[in-house]
file work03.cif (mmCIF, C-alpha atoms)
data_my_file
#
loop_
_atom_site.label_atom_id
_atom_site.label_comp_id
_atom_site.auth_asym_id
_atom_site.auth_seq_id
_atom_site.Cartn_x
_atom_site.Cartn_y
_atom_site.Cartn_z
CA MET A 78 -1.07 -61.11 14.66
CA ASN A 79 2.35 -62.01 13.29
CA LEU A 80 1.70 -64.79 10.79
CA ASP A 81 5.36 -65.85 10.79
CA ALA A 82 4.98 -66.58 14.50
CA VAL A 83 1.78 -68.53 13.82
CA ARG A 84 3.54 -70.47 11.06
CA THR A 85 6.41 -71.25 13.45
CA PHE A 86 4.03 -72.48 16.16
CA LEU A 87 2.41 -74.84 13.65
CA ALA A 88 5.77 -76.10 12.46
CA VAL A 89 6.76 -77.01 16.03
CA VAL A 90 3.44 -78.78 16.61
CA ASP A 91 3.58 -80.69 13.33
CA LEU A 92 7.26 -81.70 13.60
CA GLY A 93 7.34 -82.14 17.39
CA HIS A 94 10.70 -80.42 17.96
CA PHE A 95 12.01 -76.85 17.96
CA HIS A 96 15.17 -77.78 16.07
CA GLU A 97 13.26 -79.64 13.34
CA ALA A 98 10.96 -76.63 12.95
CA ALA A 99 14.07 -74.44 12.61
CA VAL A 100 15.43 -76.64 9.81
CA ASP A 101 12.07 -76.70 8.02
CA LEU A 102 11.72 -72.91 8.21
CA ALA A 103 15.40 -72.26 7.42
CA ILE A 104 15.90 -70.16 10.56
CA THR A 105 17.82 -70.72 13.79
CA GLN A 106 16.40 -72.62 16.74
CA GLN A 107 16.77 -69.43 18.79
CA ALA A 108 14.55 -67.60 16.25
CA VAL A 109 11.95 -70.35 16.59
CA SER A 110 11.93 -69.92 20.37
CA LYS A 111 11.65 -66.12 20.09
CA ARG A 112 8.73 -66.29 17.66
CA VAL A 113 6.81 -68.74 19.84
CA ALA A 114 7.55 -66.68 22.96
CA ALA A 115 6.31 -63.50 21.23
CA LEU A 116 3.10 -65.23 20.17
CA GLU A 117 2.52 -66.56 23.69
CA LYS A 118 3.10 -63.08 25.09
CA GLU A 119 0.59 -61.58 22.66
CA LEU A 120 -2.06 -64.18 23.51
CA GLY A 121 -1.28 -64.22 27.23
CA VAL A 122 -1.09 -68.01 27.44
CA ARG A 123 1.46 -70.80 27.03
CA LEU A 124 1.00 -72.65 23.78
CA LEU A 125 3.74 -75.27 23.98
CA THR A 126 5.46 -77.38 26.63
CA ARG A 127 8.94 -78.84 26.21
CA ALA A 128 9.61 -82.41 27.27
CA PRO A 129 12.43 -84.91 26.65
CA GLY A 130 10.41 -86.40 23.81
CA GLY A 131 9.87 -83.03 22.15
CA ALA A 132 7.38 -80.14 22.21
CA ARG A 133 3.66 -80.63 22.72
CA PRO A 134 0.78 -78.14 22.60
CA THR A 135 -0.79 -77.16 25.94
CA ILE A 136 -4.55 -77.17 26.40
CA ASP A 137 -4.55 -73.55 25.22
CA GLY A 138 -2.27 -74.52 22.34
CA GLN A 139 -4.71 -77.22 21.30
CA ALA A 140 -7.57 -74.70 21.42
CA PHE A 141 -5.55 -72.25 19.30
CA LEU A 142 -4.39 -74.88 16.79
CA PRO A 143 -7.40 -74.96 14.38
CA HIS A 144 -7.56 -71.16 14.36
CA ALA A 145 -3.83 -70.98 13.59
CA ARG A 146 -4.32 -73.25 10.60
CA ALA A 147 -7.30 -71.18 9.47
CA LEU A 148 -5.19 -68.01 9.65
CA LEU A 149 -2.57 -69.43 7.29
CA GLU A 150 -5.22 -70.78 4.95
CA ALA A 151 -6.78 -67.29 4.82
CA GLU A 152 -3.35 -65.84 4.09
CA GLU A 153 -2.92 -68.23 1.16
CA ARG A 154 -6.39 -67.45 -0.23
CA ALA A 155 -5.69 -63.71 0.04
CA ALA A 156 -2.38 -64.08 -1.82
CA ALA A 157 -3.91 -66.34 -4.46
CA SER A 158 -6.64 -63.80 -5.18
CA VAL A 159 -4.09 -61.41 -6.64
CA ARG A 160 -1.29 -63.75 -7.71
CA PRO A 161 -0.73 -63.68 -11.50
CA GLY A 162 -2.09 -66.82 -13.05
CA ARG A 163 -4.37 -67.53 -10.07
CA ARG A 164 -6.72 -64.59 -10.32
CA ALA A 165 -9.00 -63.80 -13.25
CA LEU A 166 -7.66 -61.79 -16.18
CA ARG A 167 -9.39 -58.43 -15.90
CA VAL A 168 -10.19 -56.93 -19.30
CA ASP A 169 -11.94 -53.66 -20.13
CA VAL A 170 -14.26 -53.42 -23.14
CA ILE A 171 -15.96 -50.29 -24.45
CA GLY A 172 -19.37 -51.98 -24.22
CA ARG A 173 -20.68 -55.49 -23.71
CA ARG A 174 -22.68 -55.44 -26.97
CA LEU A 175 -19.87 -54.03 -29.11
CA ALA A 176 -17.33 -55.82 -31.30
CA PRO A 177 -14.46 -56.00 -28.75
CA ALA A 178 -16.69 -57.96 -26.39
CA ALA A 179 -17.25 -60.44 -29.23
CA LEU A 180 -13.47 -60.78 -29.61
CA LEU A 181 -13.22 -61.54 -25.91
CA ARG A 182 -16.05 -64.09 -26.09
CA ALA A 183 -14.22 -65.85 -28.93
CA PHE A 184 -11.11 -66.02 -26.76
CA HIS A 185 -13.17 -67.48 -23.92
CA ARG A 186 -14.56 -70.16 -26.25
CA ALA A 187 -11.04 -71.02 -27.36
CA ARG A 188 -9.61 -70.98 -23.82
CA PRO A 189 -12.43 -71.79 -21.36
CA ASP A 190 -9.78 -72.58 -18.76
CA VAL A 191 -8.87 -68.88 -18.51
CA GLU A 192 -11.05 -67.07 -16.01
CA LEU A 193 -12.10 -63.60 -17.18
CA ASP A 194 -13.30 -60.57 -15.28
CA VAL A 195 -14.89 -58.20 -17.82
CA VAL A 196 -15.33 -54.53 -16.91
CA THR A 197 -16.48 -51.44 -18.83
CA LEU A 198 -14.57 -48.29 -18.00
CA TYR A 199 -15.73 -44.95 -19.33
CA ASP A 200 -13.19 -44.06 -22.02
CA ALA A 201 -9.63 -44.63 -23.21
CA GLU A 202 -8.12 -42.21 -20.70
CA ALA A 203 -9.75 -44.09 -17.82
CA ALA A 204 -8.48 -47.36 -19.30
CA LEU A 205 -4.91 -46.04 -19.62
CA ALA A 206 -4.95 -44.89 -16.00
CA ALA A 207 -6.28 -48.28 -14.85
CA LEU A 208 -3.58 -50.11 -16.82
CA GLY A 209 -0.92 -47.93 -15.24
CA THR A 210 -2.08 -48.74 -11.71
CA GLY A 211 -2.73 -52.42 -12.38
CA VAL A 212 -6.49 -52.20 -11.85
CA ILE A 213 -7.00 -53.93 -15.20
CA ASP A 214 -4.76 -56.20 -17.27
CA ALA A 215 -5.87 -55.18 -20.76
CA SER A 216 -8.32 -52.97 -22.61
CA PHE A 217 -9.92 -52.88 -26.05
CA ARG A 218 -9.98 -49.24 -27.20
CA ALA A 219 -9.36 -46.92 -30.10
CA VAL A 220 -5.94 -45.36 -29.54
CA THR A 221 -5.89 -41.75 -30.71
CA ARG A 222 -2.27 -41.04 -29.73
CA PRO A 223 0.95 -42.15 -31.45
CA ALA A 224 2.92 -44.82 -29.61
CA HIS A 225 5.55 -42.37 -28.34
CA ARG A 226 2.86 -40.34 -26.57
CA LEU A 227 1.38 -43.25 -24.62
CA PRO A 228 2.23 -43.45 -20.89
CA ASP A 229 5.46 -45.24 -19.99
CA GLY A 230 5.20 -48.99 -20.34
CA ILE A 231 1.87 -48.96 -22.21
CA ARG A 232 1.76 -51.03 -25.39
CA ALA A 233 -0.96 -51.20 -28.05
CA THR A 234 -1.62 -53.27 -31.12
CA ARG A 235 -4.46 -53.00 -33.62
CA VAL A 236 -6.74 -56.04 -33.49
CA LEU A 237 -9.85 -55.08 -35.47
CA ASP A 238 -10.86 -52.51 -38.09
CA GLU A 239 -14.65 -52.59 -37.83
CA PRO A 240 -16.78 -51.35 -40.78
CA LEU A 241 -19.51 -48.87 -39.92
CA GLN A 242 -23.14 -49.28 -40.87
CA LEU A 243 -26.08 -46.89 -41.01
CA LEU A 244 -29.04 -47.92 -38.85
CA THR A 245 -32.47 -46.60 -39.86
CA GLY A 246 -36.13 -47.27 -39.39
CA PRO A 247 -38.29 -48.73 -42.22
CA GLY A 248 -39.70 -45.30 -43.12
CA HIS A 249 -36.33 -43.67 -43.72
CA GLU A 250 -35.57 -42.53 -47.28
CA LEU A 251 -32.49 -44.79 -47.39
CA ALA A 252 -34.15 -47.82 -45.78
CA ALA A 253 -34.20 -49.81 -49.03
CA ALA A 254 -30.59 -49.08 -49.96
CA ARG A 255 -28.05 -51.91 -49.90
CA THR A 256 -25.13 -49.52 -49.41
CA VAL A 257 -24.65 -45.79 -49.17
CA ALA A 258 -21.61 -43.57 -49.55
CA PRO A 259 -20.68 -41.50 -46.48
CA ALA A 260 -20.71 -38.31 -48.55
CA ALA A 261 -24.34 -39.02 -49.51
CA LEU A 262 -25.30 -38.57 -45.86
CA ALA A 263 -24.38 -34.88 -45.84
CA GLY A 264 -27.37 -32.84 -44.71
CA ARG A 265 -29.14 -35.82 -43.15
CA ARG A 266 -29.72 -36.15 -39.43
CA ILE A 267 -27.27 -38.61 -37.88
CA TRP A 268 -28.33 -38.84 -34.25
CA MET A 269 -25.74 -40.01 -31.73
CA PRO A 270 -26.62 -38.70 -28.24
CA GLY A 271 -23.93 -40.92 -26.69
CA ASN A 272 -21.17 -39.22 -28.68
CA THR A 273 -19.69 -37.53 -25.60
CA ALA A 274 -17.07 -34.85 -26.24
CA GLY A 275 -13.56 -35.77 -25.11
CA THR A 276 -13.92 -39.51 -25.64
CA GLU A 277 -12.02 -41.52 -28.23
CA TRP A 278 -15.22 -42.46 -30.06
CA ALA A 279 -16.29 -38.80 -30.26
CA GLN A 280 -12.90 -37.95 -31.77
CA PHE A 281 -13.41 -40.67 -34.37
CA TYR A 282 -16.89 -39.47 -35.35
CA ASP A 283 -15.85 -35.80 -35.34
CA GLU A 284 -13.14 -36.61 -37.88
CA LEU A 285 -15.54 -38.75 -39.91
CA ALA A 286 -18.01 -35.86 -40.02
CA ALA A 287 -15.31 -33.40 -41.06
CA ALA A 288 -14.02 -35.71 -43.81
CA PHE A 289 -17.42 -36.20 -45.48
CA GLY A 290 -19.33 -33.04 -44.58
CA LEU A 291 -21.65 -34.77 -42.13
CA THR A 292 -23.54 -33.30 -39.21
CA ILE A 293 -23.75 -35.56 -36.19
CA ASP A 294 -26.48 -34.51 -33.77
CA VAL A 295 -25.57 -35.17 -30.13
CA VAL A 296 -28.46 -33.17 -28.64
CA GLY A 297 -30.60 -34.97 -26.11
CA PRO A 298 -29.95 -37.21 -23.10
CA HIS A 299 -28.44 -40.61 -23.80
CA PHE A 300 -30.69 -43.21 -22.19
CA GLY A 301 -29.00 -46.18 -23.82
CA THR A 302 -29.54 -48.38 -26.84
CA GLU A 303 -33.19 -49.34 -26.33
CA PRO A 304 -34.62 -45.78 -26.39
CA LEU A 305 -32.40 -45.04 -29.40
CA VAL A 306 -33.80 -47.91 -31.49
CA ASP A 307 -37.32 -46.99 -30.31
CA ALA A 308 -36.83 -43.51 -31.77
CA LEU A 309 -35.34 -44.81 -35.03
CA ALA A 310 -38.25 -47.21 -35.59
CA ASP A 311 -40.80 -44.38 -35.51
CA SER A 312 -38.83 -41.81 -37.51
CA ALA A 313 -38.48 -41.13 -41.23
CA GLU A 314 -35.54 -38.75 -40.61
CA LEU A 315 -33.35 -40.19 -37.87
CA ALA A 316 -30.43 -42.50 -38.53
CA THR A 317 -27.37 -43.48 -36.51
CA PHE A 318 -24.03 -45.19 -37.00
CA VAL A 319 -23.30 -48.63 -35.56
CA GLY A 320 -20.38 -50.98 -35.93
CA GLU A 321 -20.78 -54.09 -38.04
CA GLY A 322 -20.01 -56.20 -34.96
CA THR A 323 -22.38 -54.36 -32.63
CA HIS A 324 -24.96 -56.79 -31.29
CA LEU A 325 -28.36 -55.10 -31.10
CA LEU A 326 -31.79 -56.54 -30.37
CA TRP A 327 -35.17 -55.00 -31.18
CA PRO A 328 -38.75 -56.20 -31.67
CA ALA A 329 -39.44 -57.67 -35.12
CA SER A 330 -42.15 -55.06 -35.66
CA TYR A 331 -39.50 -52.31 -35.66
CA ASP A 332 -38.10 -53.64 -38.97
CA LEU A 333 -34.88 -51.64 -38.55
CA ARG A 334 -32.36 -51.66 -41.41
CA ARG A 335 -28.57 -52.03 -41.21
CA ILE A 336 -27.12 -50.44 -44.33
CA GLY A 337 -23.48 -50.86 -45.28
CA LEU A 338 -21.30 -47.82 -45.97
CA SER A 339 -19.08 -47.87 -49.05
CA GLU A 340 -16.91 -45.72 -51.32
CA PRO A 341 -15.14 -45.63 -48.94
CA VAL A 342 -15.93 -47.94 -46.02
CA PRO A 343 -15.29 -46.11 -42.70
CA LEU A 344 -13.43 -48.38 -40.28
CA TYR A 345 -13.43 -47.98 -36.51
CA PRO A 346 -9.95 -49.00 -35.26
CA HIS A 347 -9.97 -51.21 -32.16
CA SER A 348 -6.67 -51.90 -30.38
CA LEU A 349 -5.65 -54.11 -27.49
CA ILE A 350 -3.79 -52.09 -24.86
CA TRP A 351 -1.72 -53.50 -21.98
CA HIS A 352 1.22 -52.69 -19.72
CA ALA A 353 4.56 -54.21 -20.69
CA ASP A 354 5.33 -55.15 -17.07
CA ASN A 355 2.07 -57.05 -16.51
CA PRO A 356 3.07 -60.64 -15.52
CA HIS A 357 -0.34 -62.32 -15.85
CA PRO A 358 0.26 -65.44 -18.01
CA ALA A 359 -3.24 -65.27 -19.51
CA LEU A 360 -2.43 -61.86 -21.01
CA ALA A 361 0.10 -63.50 -23.32
CA LEU A 362 -2.52 -66.12 -24.25
CA LEU A 363 -5.01 -63.37 -25.15
CA ARG A 364 -2.45 -61.53 -27.27
CA ASP A 365 -1.44 -64.74 -29.07
CA HIS A 366 -5.09 -65.60 -29.72
CA LEU A 367 -5.81 -62.19 -31.23
CA ALA A 368 -2.66 -62.32 -33.36
CA ALA A 369 -3.63 -65.76 -34.68
CA ALA A 370 -7.16 -64.57 -35.43
CA ALA A 371 -5.78 -61.56 -37.33
CA SER A 372 -3.51 -63.81 -39.39
CA ARG A 373 -6.50 -65.95 -40.38
CA HIS A 374 -8.50 -62.82 -41.32
CA PRO A 375 -5.93 -60.30 -42.56
CA GLY A 376 -8.64 -57.79 -43.45
CA ALA A 377 -9.52 -57.44 -39.78
CA GLY A 378 -6.41 -55.45 -38.89
CA ALA A 379 -5.02 -52.14 -40.04
CA GLY A 380 -4.71 -51.39 -43.73
CA ARG A 381 -7.78 -52.89 -45.42
CA GLY A 382 -7.07 -51.00 -48.61
CA SER A 383 -7.73 -47.85 -50.59
CA GLY A 384 -11.49 -48.34 -50.48
CA THR A 385 -11.57 -47.66 -46.76
CA TRP A 386 -11.30 -44.65 -44.49
CA THR A 387 -9.83 -44.24 -41.01
CA PRO A 388 -8.78 -41.07 -39.15
CA ASP A 389 -5.25 -39.78 -39.63
CA TRP A 390 -4.24 -41.02 -36.18
CA ALA A 391 -5.23 -44.58 -37.10
CA ARG A 392 -3.22 -44.80 -40.31
#
call {"tool": "encode", "arguments": {"input": "work03.cif", "output": "structure tokens"}}
result
Amino acid sequence: MNLDAVRTFLAVVDLGHFHEAAVDLAITQQAVSKRVAALEKELGVRLLTRAPGGARPTIDGQAFLPHARALLEAEERAAASVRPGRRALRVDVIGRRLAPAALLRAFHRARPDVELDVVTLYDAEAALAALGTGVIDASFRAVTRPAHRLPDGIRATRVLDEPLQLLTGPGHELAAARTVAPAALAGRRIWMPGNTAGTEWAQFYDELAAAFGLTIDVVGPHFGTEPLVDALADSAELATFVGEGTHLLWPASYDLRRIGLSEPVPLYPHSLIWHADNPHPALALLRDHLAAAASRHPGAGAGRGSGTWTPDWAR
């Protein structure tokens, strides 16, 4: 059904005259008559009668009237659902328990008026594709390419350099250590079954392993975080890497240990990625919030100092 014709019919009913409807819609009176006639032809009934005092809806017009209003209300709701500033800001995070999700929660606390739609895409390539097509508005990811090799219109800025920690069970040889140097982990079993080849996080850990002579074991199905911590709790050999901002829960009886890495501190580089043409007003608010947070905590961004390590592509 032609919604312009429906809108014209309602204008005539509400204003009572064809010429006043024409003025209100900024079209000619002839166009008003043609739209109403086309709608009547489509429905097979007369909707309006003309009289010296103006136009009035027929019995069929009166029956159609509430449905006509409902059609235009549905049109407005449909448009509002995707109109920038009216729909939720859709943001991709690598995982809901990882540090970028905490950054997004902090933004939500600061701006509870901004509605968020949080999604978790698979990897950075999926996020870049979704940004290009407008499926998402922003993404928190490690960016392994230089800026000139990003897709057209894609922008990225570093928002968090997250220190890594070693996670072990209480029986592990390093369980009592306060810190450990990455090079001291050479020859030990670092188990990361979720370190899927081809992802940005796998590229990070591959370069970390190469830099410090580590062996990262990816053998075995990845059933998620809970089975991983179950295995660590019962093992004197297994350990894994986690980010300082990763939020993990386990039973108190597991007595797992989070051990800081130092000399140097490996940093996982998180960036905010967006498309330059994205008009959503809340995107600018998110970017401003992250920039302000970085200025308050200058160590959170790139370049923490000589006592840290990041891959070549993050320097």
call {"tool": "closest_residue", "arguments": {"input": "work03.cif", "among": "A:Ala99, A:Ala204, A:Leu198, A:Ile267", "to": "A:Ala286", "atoms": "all atoms listed in the file"}}
result
A:Ile267
call {"tool": "atom_distance", "arguments": {"input": "work03.cif", "atom1": "atom CA of A:Ser312", "atom2": "atom CA of A:Trp268"}}
result
11.4 Å
call {"tool": "atom_distance", "arguments": {"input": "work03.cif", "atom1": "atom CA of A:Val342", "atom2": "atom CA of A:Tyr282"}}
result
13.7 Å
call {"tool": "closest_residue", "arguments": {"input": "work03.cif", "among": "A:Ala316, A:Ala147, A:Ala391, A:Leu349", "to": "A:Arg218", "atoms": "only C-alpha atoms"}}
result
A:Leu349
call {"tool": "resolve_selection", "arguments": {"input": "work03.cif", "expression": "the PyMOL selection byres ((chain A and resi 270) around 8)", "output": "list in words"}}
result
Trp268, Met269, Gly271, Asn272, Thr273, Asp294, Val295, Val296, Gly297, Pro298 and His299 of chain A
